[in-house]
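**Student:** Got a structure here, written out as structure tokens. Questions coming.
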Amino acid sequence: MLKRFTGSIREFKTVTLLTPLIIAGEAIIDCLIPYAMAELINQIKAGCEFEVLLKYGGILLAMAFVSLFFGAAAGLTAARASTGFARNLRRDIYYRVQTFTFENIDRFSASSLVTRMTTDVSNVQMAFMMIIRIAVRAPLMFIFSIIMANIMGGALATMFVVVVPLLGFGLFLISKFTMPAFRRVFGKYDTLNESIAENVRAARTVKGFVREEYEKQKFAAAAEGIRRDFTRAERIVALSNPLMQICFYFNMVFVLLVGSKLVITGRGQNIDVGQLSAMLTYGAQILFSLMSLAAIYVMITISATSARRIAEVLDEEPAMKNPENPKTVVPDGSVEFAGVSFKYSERAERPTLSDINLKIKSGETIGILGGTGSGKSTLVQLIPRLYDVTEGSVLVGGIDVRRYDIAALRGQVSMVLQKNLLFSGTIKDNLRWGNENATDEELHKVCKFAMADGFVSSFPQGYNTVIEQGGTNVSGGQRQRLCIARALLKRPKILILDDSTSAVDTRTDAQIRKNFREYMPETTKIIIAQRVASVMDADRIIVMDGGRIVACGTHDELLKSSEIYHEIYSQQIKGGEDHVG
């Protein structure tokens, strides 16, 4: 896992390696300052000349400035290294997610992926900065202070044999008991983020059903769970301060009592006032170094959980990859399903699709009808290889989709999904997802075919109108027509509309289908719909039920041969679905 994360340092290796070297210089200087101060105190006690005071004062001032310089430089290099590392790590995670198929994404919830790219990366970034800075400074200060304390205090330094193990053992116990609580928090962050994301996406539904109080309670419960675990952990961590104070004051009292007696009885021969002062400083440095090491241990342990969660994403292998020597040209828009069966999970008891055999000619218009859960959307998602079949094969242009370069295949298949999504930006920006080099004239043309030019032109800013995130500032029908226009801009060999005109009136729906035939006669058009009127003029209509094709034919043929189709048609005619309301 370390190798995986060090690979994200990349161009920040120099500042990463430079930081510990600068920190080492700072630690050495900080440990020499008490030694110089002790010499100054001893010189004053001995009644030195003013020139000697100036000499030692200058030395201390120079050492202080050098320490300040090293500290500031280390802060700058550590900040640059840690923020650069975090940027690269987030980019690595994001780029990895872009290679995932739906099957991979199904293993991680959207809220969990967000948490891993935000909170988890922040934790790892903090640990990284502590490792290259404090994790170097603390042990060096501890070692140098112990050495200097023995040099300056002699036998008096033996008191660290008692204090250091006591503080170290206490901090170890504190860290051990806080870790389980910190680990639980990260799973609850996923729940909290999921609650926020769901509420924002479904704001209209929440308000429509007057469920604001329920959502508030759900959010409060998730937030309370995080607060409770953090409080439990922080309550234990808070014990480190009194433990530190006990050890610090024990050190001070011991040094002052025993040291003062040694100074008086030895008349400064074994230890003098300067050494006594230095011992107090070194004692504080040793104890604070242990505190820093404990904080590092806690942070690294917390970040280890985050690091494992990040590694899960980075180590996730895409469920589908390009084959060797992939096909990069799609000959035509013909589609064939040969003995296709499909399961979303190996553990599923029954397949979503079973024994699908279907041939679609290039340029044909195919309608698909069926009840909820009949497998309509799943069937068309196999064409651009959003999922791979469990059994059988799907052929596009006479070639198995698994032999194509994935980008080349999907570049020739346009899908307008049931849940239409627009991105924040102008209408032009959204349309150019279909073709980033499209001219304004081409944008106007596809919008006319999708029956979107009228309402877009009515906006004050026209095609430069800014779309809010998710397209919340346009109606459902307008959003659908913009998504259709975006799909048309690709000029694909296969166009798939998955119930993508459900929010459009029947007259506009009929005009859009008429425009399809005129604008792209050679493109294969597959239309999933709930309304018979949306597919009745198709070359063939497929009726699905329970993941199987139960009927196939023209509108007139199915009225005579398919009981399901006849029933749907009769219900909709009686309900007035074929008339404009």
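Chain labels A, B, ... are given in the sequence in which chains occur in the structure tokens; within each chain residues are numbered consecutively from 1, and ligands are likewise numbered from 1 in the order shown.
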Using DSSP secondary structure from the backbone, list all alpha helix (DSSP H) positions within region 4-140 of chain A, as a VMD selection string.

**Tutor:** chain A and resid 4 to 6 13 to 45 50 to 98 102 to 107 110 to 115 121 to 132 134 to 140

**Student:** Using only C-alpha atoms, determine which residues lie at most 10 Å from Asp509 (chain A), disregarding the query and same-chain residues fewer than 5 positions distant; provide the list as a list in words.

**Tutor:**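 Surrounding residues, per the criterion: Ala450, Met451, Arg481, Ser500, Thr501, Ser502, Ala503, Val504, Lys514, Asn515, Ala533 and Ser534 of chain A.
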
**Student:** For the residues in the current selection, export N, CA and C atoms as a compact mmCIF listing (two decimals), in the first residue's frame.

**Tutor:**
```txt
# COMPACT_ATOMS: atom_id res chain seq x y z
N ALA A 450 -34.76 18.19 -32.52
CA ALA A 450 -35.21 17.70 -31.21
C ALA A 450 -36.33 18.57 -30.64
N MET A 451 -36.82 19.51 -31.43
CA MET A 451 -37.90 20.40 -31.01
C MET A 451 -37.51 21.21 -29.77
N ARG A 481 -35.57 17.15 -24.27
CA ARG A 481 -35.29 17.55 -25.64
C ARG A 481 -33.84 18.02 -25.82
N SER A 500 -37.22 8.46 -23.13
CA SER A 500 -36.67 9.82 -23.02
C SER A 500 -37.59 10.89 -23.58
N THR A 501 -38.83 10.52 -23.92
CA THR A 501 -39.81 11.54 -24.32
C THR A 501 -41.07 11.45 -23.44
N SER A 502 -40.90 10.87 -22.27
CA SER A 502 -42.05 10.65 -21.38
C SER A 502 -42.65 11.97 -20.89
N ALA A 503 -41.81 13.04 -20.82
CA ALA A 503 -42.31 14.33 -20.34
C ALA A 503 -42.71 15.25 -21.49
N VAL A 504 -42.74 14.71 -22.72
CA VAL A 504 -43.07 15.50 -23.90
C VAL A 504 -44.48 15.13 -24.36
N LYS A 514 -40.55 11.84 -36.40
CA LYS A 514 -40.56 12.15 -37.83
C LYS A 514 -39.22 12.77 -38.24
N ASN A 515 -38.70 13.65 -37.40
CA ASN A 515 -37.41 14.29 -37.68
C ASN A 515 -36.27 13.28 -37.67
N ALA A 533 -48.20 4.93 -28.59
CA ALA A 533 -48.12 5.94 -29.64
C ALA A 533 -46.69 6.30 -30.00
N SER A 534 -45.76 6.12 -29.06
CA SER A 534 -44.36 6.48 -29.30
C SER A 534 -43.64 5.45 -30.16
```

**Student:** Using DSSP on the backbone coordinates, identify the residues of region 232-413 of chain A assigned to strand (DSSP E or B); present them as an MDAnalysis selection string.

**Tutor:** chainID A and resid 327 335:342 353:360 365:370 391:396 399:400 404 413

**Student:** Provide the CA of Val298 (chain A) to CA of Ser175 (chain A) distance in Å, to one decimal place.

**Tutor:**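 It comes out at 5.8 Å.
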
**Student:** Go through A:Cys447, A:Ile427, A:Val396, A:Ala138 one by one, measure the shortest atom-to-atom distance of each to Thr465 (chain A) using only C-alpha atoms, and give the residue with the smallest value.

**Tutor:**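 Comparing A:Cys447, A:Ile427, A:Val396, A:Ala138 against Thr465 (chain A), the winner is A:Ile427.
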
**Student:** Rank nothing, just name the residue among A:Leu287, A:Gly367, A:Thr328, A:Gly477 nearest to Arg410 (chain A), using only C-alpha atoms.

**Tutor:**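 Of A:Leu287, A:Gly367, A:Thr328, A:Gly477, the one nearest Arg410 (chain A) is A:Thr328, counting only C-alpha atoms.
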
**Student:** Show me, as a tab-separated table, the residues of region 294-366 of chain A having an atom within 12 Å of region 79-101 of chain A, each with the closest atom pair and its distance in Å, using only C-alpha atoms.

**Tutor:**
```
residue	atom	partner	partner_atom	distance
A:Ala307	CA	A:Leu89	CA	10.7
A:Arg309	CA	A:Ile93	CA	10.9
A:Ile310	CA	A:Ile93	CA	7.5
A:Ala311	CA	A:Ile93	CA	9.0
A:Glu312	CA	A:Ile93	CA	10.0
A:Val313	CA	A:Ile93	CA	6.8
A:Leu314	CA	A:Ile93	CA	6.1
A:Asp315	CA	A:Arg96	CA	8.9
A:Glu316	CA	A:Arg96	CA	8.3
A:Glu317	CA	A:Phe100	CA	7.8
A:Pro318	CA	A:Phe100	CA	5.1
A:Ala319	CA	A:Thr101	CA	6.2
A:Met320	CA	A:Thr101	CA	7.0
A:Lys321	CA	A:Thr99	CA	8.9
A:Asn322	CA	A:Thr99	CA	11.1
```

**Student:** Report, in Å to a single decimal, how far apart CA of Phe219 (chain A) and CA of Val206 (chain A) are.

**Tutor:**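 Distance reported for this atom pair: 13.5 Å.
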
**Student:** Produce a table with one row for each residue of region 85-186 of chain A that has an atom at most 12 Å from any atom of region 56-74 of chain A, each row naming the nearest atom pair and its distance in Å at one decimal; use only C-alpha atoms; arrange rows by chain and rising residue number; format as a tab-separated table.

**Tutor:**
```
residue	atom	partner	partner_atom	distance
A:Met129	CA	A:Ala74	CA	10.5
A:Met130	CA	A:Ala74	CA	11.5
A:Ile132	CA	A:Ala74	CA	9.4
A:Arg133	CA	A:Ala74	CA	7.4
A:Ile134	CA	A:Ala74	CA	10.2
A:Val136	CA	A:Ala74	CA	11.2
A:Arg137	CA	A:Gly71	CA	10.5
```

**Student:** Create the file for the chosen residues now, containing N, CA and C atoms and written as a tab-separated table (two decimals), in the first residue's frame.

**Tutor:**
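Listed below is the output, result.tsv:
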```tsv
chain	number	residue	atom	x	y	z
A	129	MET	N	1.89	14.86	5.84
A	129	MET	CA	2.62	16.03	6.30
A	129	MET	C	3.26	15.78	7.67
A	130	MET	N	2.55	15.08	8.54
A	130	MET	CA	3.10	14.77	9.87
A	130	MET	C	4.28	13.82	9.76
A	132	ILE	N	6.49	13.51	7.23
A	132	ILE	CA	7.71	14.13	6.69
A	132	ILE	C	8.18	15.29	7.57
A	133	ARG	N	7.35	15.73	8.50
A	133	ARG	CA	7.75	16.86	9.35
A	133	ARG	C	7.84	16.46	10.83
A	134	ILE	N	6.70	16.28	11.47
A	134	ILE	CA	6.69	16.01	12.91
A	134	ILE	C	7.26	14.64	13.22
A	136	VAL	N	9.61	13.23	11.85
A	136	VAL	CA	11.07	13.33	11.80
A	136	VAL	C	11.57	14.16	12.98
A	137	ARG	N	10.91	15.27	13.25
A	137	ARG	CA	11.36	16.18	14.30
A	137	ARG	C	11.24	15.56	15.69
```

**Student:** Report as an mmCIF file with N, CA and C atoms, in the first residue's frame all protein, DNA and RNA residues lying within 7 Å of Ala127 (chain A), evaluated on only C-alpha atoms, omitting residues in the same chain fewer than 6 positions from it.

**Tutor:**
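Writing done, so here's result.cif:
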```cif
data_model
loop_
_atom_site.group_PDB
_atom_site.id
_atom_site.type_symbol
_atom_site.label_atom_id
_atom_site.label_comp_id
_atom_site.auth_asym_id
_atom_site.auth_seq_id
_atom_site.Cartn_x
_atom_site.Cartn_y
_atom_site.Cartn_z
ATOM 1 N N MET A 299 -2.852 9.895 14.483
ATOM 2 C CA MET A 299 -3.182 10.380 13.146
ATOM 3 C C MET A 299 -2.901 9.328 12.085
ATOM 4 N N ILE A 300 -1.782 8.645 12.223
ATOM 5 C CA ILE A 300 -1.434 7.622 11.231
ATOM 6 C C ILE A 300 -2.408 6.449 11.307
ATOM 7 N N SER A 303 -5.550 7.634 9.704
ATOM 8 C CA SER A 303 -5.375 7.731 8.255
ATOM 9 C C SER A 303 -5.186 6.360 7.618
#
```

**Student:** Could you give me, as a ChimeraX atom specification, the residues within 12 Å of Met520 (chain A), counting only C-alpha atoms and dropping anything in the same chain fewer than 2 positions from it?

**Tutor:** /A:333,362-365,446,449,487-495,512-518,522-525
